[in-house]
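First up is the structure itself, then whatever we jot down about it.
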Amino acid sequence: MAAETSDFRILGLNQWQQVLLGMILGIIAGILIKTQAAPENIAVIAERFRTIGSIFFNLIKMVIAPLIFFALISGITSMSDPNTFKRIGVKAVSAYFMTAMFAVVLGIAFGLIFQPGVGMDIDVSSLASALPDAAKNSHEMHIGEFLMSLIPTNFFKALSEDQYLQIVVFSIFTGLIMNSLGDNAKGARDVINSFAKVFFKMIELIVRLAPLAIFGFMAWMVAVQGVDVIQKLAILFVCVLAACFTQYIIFGVLIILFARLSPMPFFKKMASTQIMAFSTSSSKATLSTAMREIQERCGVSEKSANFVLPLGACINMDGTAIYLGICAMFFAQAFGVELSWTAYPILILTCTLGSIGAAGIPSGSIIFMGMVLHSIGVPIEGIGLILGIDRLLDMVRTTINITGDCAITMIVDKSENLMDVEKYYSKD
Ligand code: ASP
């Protein structure tokens with residue numbers, strides 16, 4: 001089951017070509033606004049373009065929580081043998097956890113080597129006002145609270161508030177109970193499978209609007225931010241790019257080592273998914289494209305595409321883990337906070353939890369940045385400083401996030417001998 005958008009063409013262009021076109025036209029529109037509009041009007045005009053993108057994200061948000069709920073249960077109930085579920089579940093969760101921890105360590109290592117925060121002159125008081133509300137609220141969040149927050153006290157509240165980790169916990173619990181009831185739960189299983197189809201159909205239609213949304217977001221971003229924000233934080237920017245690129249290569253190495261496959265078809269066939277992730281900065285908005293591509297082009301089984309991949313989209317964000325690790329080092333250096341050896345395990349733990357908890361939406365990790373900085377005694381006011389480049393780096397880390405989900409899904413699928421290897425190596 002996956003959204004079928006590949007054959008939806010406009011002017012003969014397939015979906016990823018439309019997305020690229022939307023991105024290019026958006027950049028041109030943004031440059032025009034920035035250079036042609038009166039300075040006092042730029043923000044107002046840009047905001048109108050942003051609205052186009054926001055409508056798209058509201059539509060995605062409208063369906064993504066129920067989609068994940070139904071897809072996960074549908075995936076779990078397709079593994080009625082409890083041992084199969086346990087084996088695939090343990091493999092997926094440990095692979096996601098290990099890659100996230102590794103990504104944090106990679107981020108910290110890049111932060112230590114390139115020292116992006118050394119020499120920054122930061123005025124904390126002037127930054128406090130730029131701090132987003134989400135990050136302010138995360139100030140007081142502790143790890144215990146984070147763990148407790150995984151259990152929904154009210155499932156409908158979790159759904160309505162987009163609490164994805166709570167939805168995952170509830171879906172796994174429901175799916176396991178349905179499996180244990182066998183034929184007694186057949187009716188419920190059929191209903192869930194039908195609803196999964198309904199929500200896939202909905203997202204299939206919504207995703208068709210992505211090129212338009214990307215056009216609006218790009219125009220807004222280029223018009224209000226431009227590229228000059230990068231100059232001030234150039235080392236941090238390059239450091240995050242370099243670490244993400246390293247992680248990208250590591251995915252290839254993992255495919256060679258654990259799936260015993262050449263990674264080249266994977267990188268080639270994932271391009272349209274990656275373009276979608278890059279342009280939307282949202283793993284959740286990219287999920288349906290990834291589910292389709294990984295099945296139709298990489299030969300991954302429906303079982304894994306329905307269970308391992310959405311699980312990854314909820315709990316695995318390697319690009320975000322790298323970003324949190326590097327930013328923590330950046331702020332510690334910028335504020336002159338000496339980190340003791342004991343701070344590093346805490347940092348690895350909080351960044352890993354932050355990457356697990358981050359919502360797969362644009363700037364979804366900012367809320368956890370506060371938790372990470374707070375855990376190592378770095379002032380959270382600094383977050384305001386990186387907001388200018390956050391949106392640009394979000395495009396890169398989201399690409400890494402979804403690539404990681406797909407790579408692990410493929411490795412798990414191959415290890416279960418479910419994968420159609422011939423399809424993986426086929427030309428299209
Ligand atoms: N935008 C990222 C995603 O959707 C999350 C983040 O790092 O802000 O995967």
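Here, A, B, ... name the chains of the structure tokens in the order displayed, residue numbers run from 1 inside each chain, and ligands are numbered from 1 in the same displayed order.
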Inset, instruction - May I have the residues within 12 Å of Ile348 of chain A as an MDAnalysis selection string, using only C-alpha atoms and disregarding those fewer than 4 positions away in the same chain? - result: chainID A and resid 97:98 100:109 321:322 324:326 328:329 341:344 352:355 372:373 375:376
Inset, instruction - All residues within 7 Å of ligand 1 are required, counting only C-alpha atoms and all ligand atoms; please report them as a VMD selection string. - result: chain A and resid 281 to 284 317 319 to 320 358 to 366 394 397 to 398 401 to 402
Just to be explicit: take each residue in the selection above, keep all heavy atoms, and write the result as a short mmCIF file (atom, residue, chain, number, x, y, z; two decimals), in the first residue's frame.
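Output file result.cif is given in full below:
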```
data_model
loop_
_atom_site.label_atom_id
_atom_site.label_comp_id
_atom_site.auth_asym_id
_atom_site.auth_seq_id
_atom_site.Cartn_x
_atom_site.Cartn_y
_atom_site.Cartn_z
N SER A 281 11.43 19.96 3.68
CA SER A 281 12.01 19.94 5.05
C SER A 281 11.10 19.21 6.01
O SER A 281 10.99 19.59 7.18
CB SER A 281 12.22 21.36 5.59
OG SER A 281 13.11 22.05 4.82
N SER A 282 10.45 18.18 5.53
CA SER A 282 9.55 17.44 6.41
C SER A 282 9.58 15.95 6.09
O SER A 282 9.18 15.54 4.99
CB SER A 282 8.13 18.00 6.26
OG SER A 282 7.20 17.12 6.84
N SER A 283 10.04 15.15 7.07
CA SER A 283 10.04 13.70 6.84
C SER A 283 8.61 13.19 6.72
O SER A 283 8.34 12.25 5.99
CB SER A 283 10.69 12.92 7.97
OG SER A 283 11.66 13.61 8.62
N LYS A 284 7.71 13.80 7.46
CA LYS A 284 6.32 13.32 7.44
C LYS A 284 5.69 13.58 6.06
O LYS A 284 4.97 12.74 5.54
CB LYS A 284 5.49 14.01 8.53
CG LYS A 284 5.97 13.73 9.94
CD LYS A 284 5.54 12.36 10.38
CE LYS A 284 6.19 11.79 11.64
NZ LYS A 284 6.95 12.57 12.53
N MET A 317 15.94 10.06 13.20
CA MET A 317 16.32 11.27 12.47
C MET A 317 17.82 11.49 12.63
O MET A 317 18.28 12.18 13.53
CB MET A 317 15.55 12.47 13.01
CG MET A 317 14.07 12.30 12.83
SD MET A 317 13.15 13.80 12.90
CE MET A 317 11.52 13.12 12.73
N GLY A 319 19.96 12.98 10.55
CA GLY A 319 20.41 14.34 10.21
C GLY A 319 20.17 15.28 11.39
O GLY A 319 21.01 16.12 11.73
N THR A 320 19.03 15.10 12.04
CA THR A 320 18.69 15.92 13.21
C THR A 320 19.65 15.62 14.36
O THR A 320 20.09 16.52 15.07
CB THR A 320 17.23 15.62 13.63
OG1 THR A 320 16.39 15.92 12.51
CG2 THR A 320 16.80 16.43 14.83
N ALA A 358 11.90 14.52 17.95
CA ALA A 358 11.59 15.63 17.05
C ALA A 358 10.48 15.26 16.07
O ALA A 358 10.47 14.15 15.53
CB ALA A 358 12.85 16.03 16.28
N ALA A 359 9.57 16.20 15.89
CA ALA A 359 8.49 15.95 14.92
C ALA A 359 9.06 16.12 13.52
O ALA A 359 9.92 16.97 13.30
CB ALA A 359 7.36 16.94 15.15
N GLY A 360 8.61 15.31 12.58
CA GLY A 360 9.15 15.39 11.21
C GLY A 360 8.55 16.51 10.40
O GLY A 360 8.06 16.31 9.30
N ILE A 361 8.62 17.70 10.97
CA ILE A 361 8.08 18.88 10.27
C ILE A 361 9.20 19.93 10.21
O ILE A 361 10.19 19.80 10.93
CB ILE A 361 6.85 19.45 11.01
CG1 ILE A 361 7.20 19.71 12.49
CG2 ILE A 361 5.66 18.53 10.90
CD1 ILE A 361 6.14 20.48 13.24
N PRO A 362 9.04 20.99 9.39
CA PRO A 362 10.11 21.98 9.34
C PRO A 362 10.44 22.54 10.72
O PRO A 362 9.55 22.88 11.50
CB PRO A 362 9.52 23.07 8.43
CG PRO A 362 8.55 22.35 7.56
CD PRO A 362 7.97 21.26 8.42
N SER A 363 11.73 22.59 11.02
CA SER A 363 12.25 23.05 12.33
C SER A 363 11.69 22.27 13.51
O SER A 363 11.62 22.79 14.62
CB SER A 363 11.99 24.55 12.52
OG SER A 363 12.69 25.28 11.55
N GLY A 364 11.32 21.03 13.27
CA GLY A 364 10.75 20.19 14.32
C GLY A 364 11.72 19.91 15.47
O GLY A 364 11.31 19.55 16.57
N SER A 365 13.02 20.09 15.22
CA SER A 365 13.99 19.75 16.28
C SER A 365 14.27 20.91 17.22
O SER A 365 14.89 20.71 18.26
CB SER A 365 15.29 19.27 15.65
OG SER A 365 15.73 20.18 14.68
N ILE A 366 13.82 22.11 16.86
CA ILE A 366 14.16 23.28 17.69
C ILE A 366 13.70 23.11 19.14
O ILE A 366 14.40 23.45 20.08
CB ILE A 366 13.56 24.57 17.05
CG1 ILE A 366 14.38 24.96 15.83
CG2 ILE A 366 13.50 25.71 18.05
CD1 ILE A 366 15.78 25.46 16.11
N ASP A 394 17.81 22.68 7.62
CA ASP A 394 16.71 21.74 7.79
C ASP A 394 16.51 20.92 6.51
O ASP A 394 16.20 19.73 6.54
CB ASP A 394 15.43 22.52 8.13
CG ASP A 394 14.40 21.65 8.82
OD1 ASP A 394 14.67 20.45 8.99
OD2 ASP A 394 13.32 22.16 9.17
N ARG A 397 19.24 18.24 6.60
CA ARG A 397 19.11 17.18 7.61
C ARG A 397 17.86 16.33 7.38
O ARG A 397 17.86 15.13 7.65
CB ARG A 397 19.17 17.73 9.03
CG ARG A 397 18.14 18.74 9.41
CD ARG A 397 18.37 19.21 10.85
NE ARG A 397 17.20 19.93 11.33
CZ ARG A 397 17.10 21.25 11.40
NH1 ARG A 397 18.11 22.00 11.02
NH2 ARG A 397 16.01 21.83 11.84
N THR A 398 16.81 16.92 6.81
CA THR A 398 15.61 16.12 6.51
C THR A 398 15.93 15.09 5.43
O THR A 398 15.45 13.95 5.48
CB THR A 398 14.44 17.03 6.06
OG1 THR A 398 14.27 18.05 7.03
CG2 THR A 398 13.15 16.25 5.92
N ASN A 401 17.61 12.42 7.15
CA ASN A 401 16.65 11.69 7.99
C ASN A 401 15.92 10.61 7.19
O ASN A 401 15.86 9.45 7.57
CB ASN A 401 15.61 12.65 8.59
CG ASN A 401 16.21 13.54 9.66
OD1 ASN A 401 17.31 13.31 10.12
ND2 ASN A 401 15.48 14.57 10.05
N ILE A 402 15.37 11.01 6.06
CA ILE A 402 14.53 10.07 5.30
C ILE A 402 15.41 9.03 4.59
O ILE A 402 15.03 7.86 4.46
CB ILE A 402 13.58 10.82 4.32
CG1 ILE A 402 12.38 9.96 3.94
CG2 ILE A 402 14.27 11.34 3.10
CD1 ILE A 402 11.30 9.86 4.94
#
```
Inset, instruction - Return as an NGL selection string the full set of residues in segment 52-242 of chain A whose backbone-based DSSP assignment is helix (DSSP H, G or I). - result: :A and (52-77 or 82-114 or 124-128 or 133-138 or 143-148 or 155-160 or 164-207 or 210-225 or 228-232 or 234-242)
Legend entry - Counting only C-alpha atoms, the option among A:Phe368, A:Phe217, A:Phe245, A:Tyr164 closest to Phe49 of chain A: A:Phe217
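Using only C-alpha atoms for every distance, the candidate list A:Phe307, A:Phe237, A:Ile203, A:Gly119 yields A:Gly119 as the residue closest to Phe335 of chain A.
Among the candidate residues A:Cys244, A:Val168, A:Ile250, A:Met264, the one lying nearest to Gly357 of chain A is A:Val168, with distances computed using only C-alpha atoms.
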Legend entry - Selected residue of minimal separation from Phe56 of chain A among A:Leu236, A:Lys91, A:Phe85, A:Thr280, counting only C-alpha atoms: A:Thr280
Inset, instruction - Could you give me, as JSON, numbers by chain, the residues within 7 Å of Ser272 of chain A, counting only C-alpha atoms and dropping anything in the same chain fewer than 3 positions from it? - result: {"A": [16, 275, 276]}
Inset, instruction - Write out as a PyMOL selection string each polymer residue whose atoms come within 8 Å of Cys239 of chain A, counting only C-alpha atoms; drop sequence neighbours fewer than 6 positions from it. - result: chain A and resi 110-111+114+116+326
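Taking atom CA of Leu257 of chain A and atom CA of Ser415 of chain A as endpoints, the distance between them is 11.4 Å.
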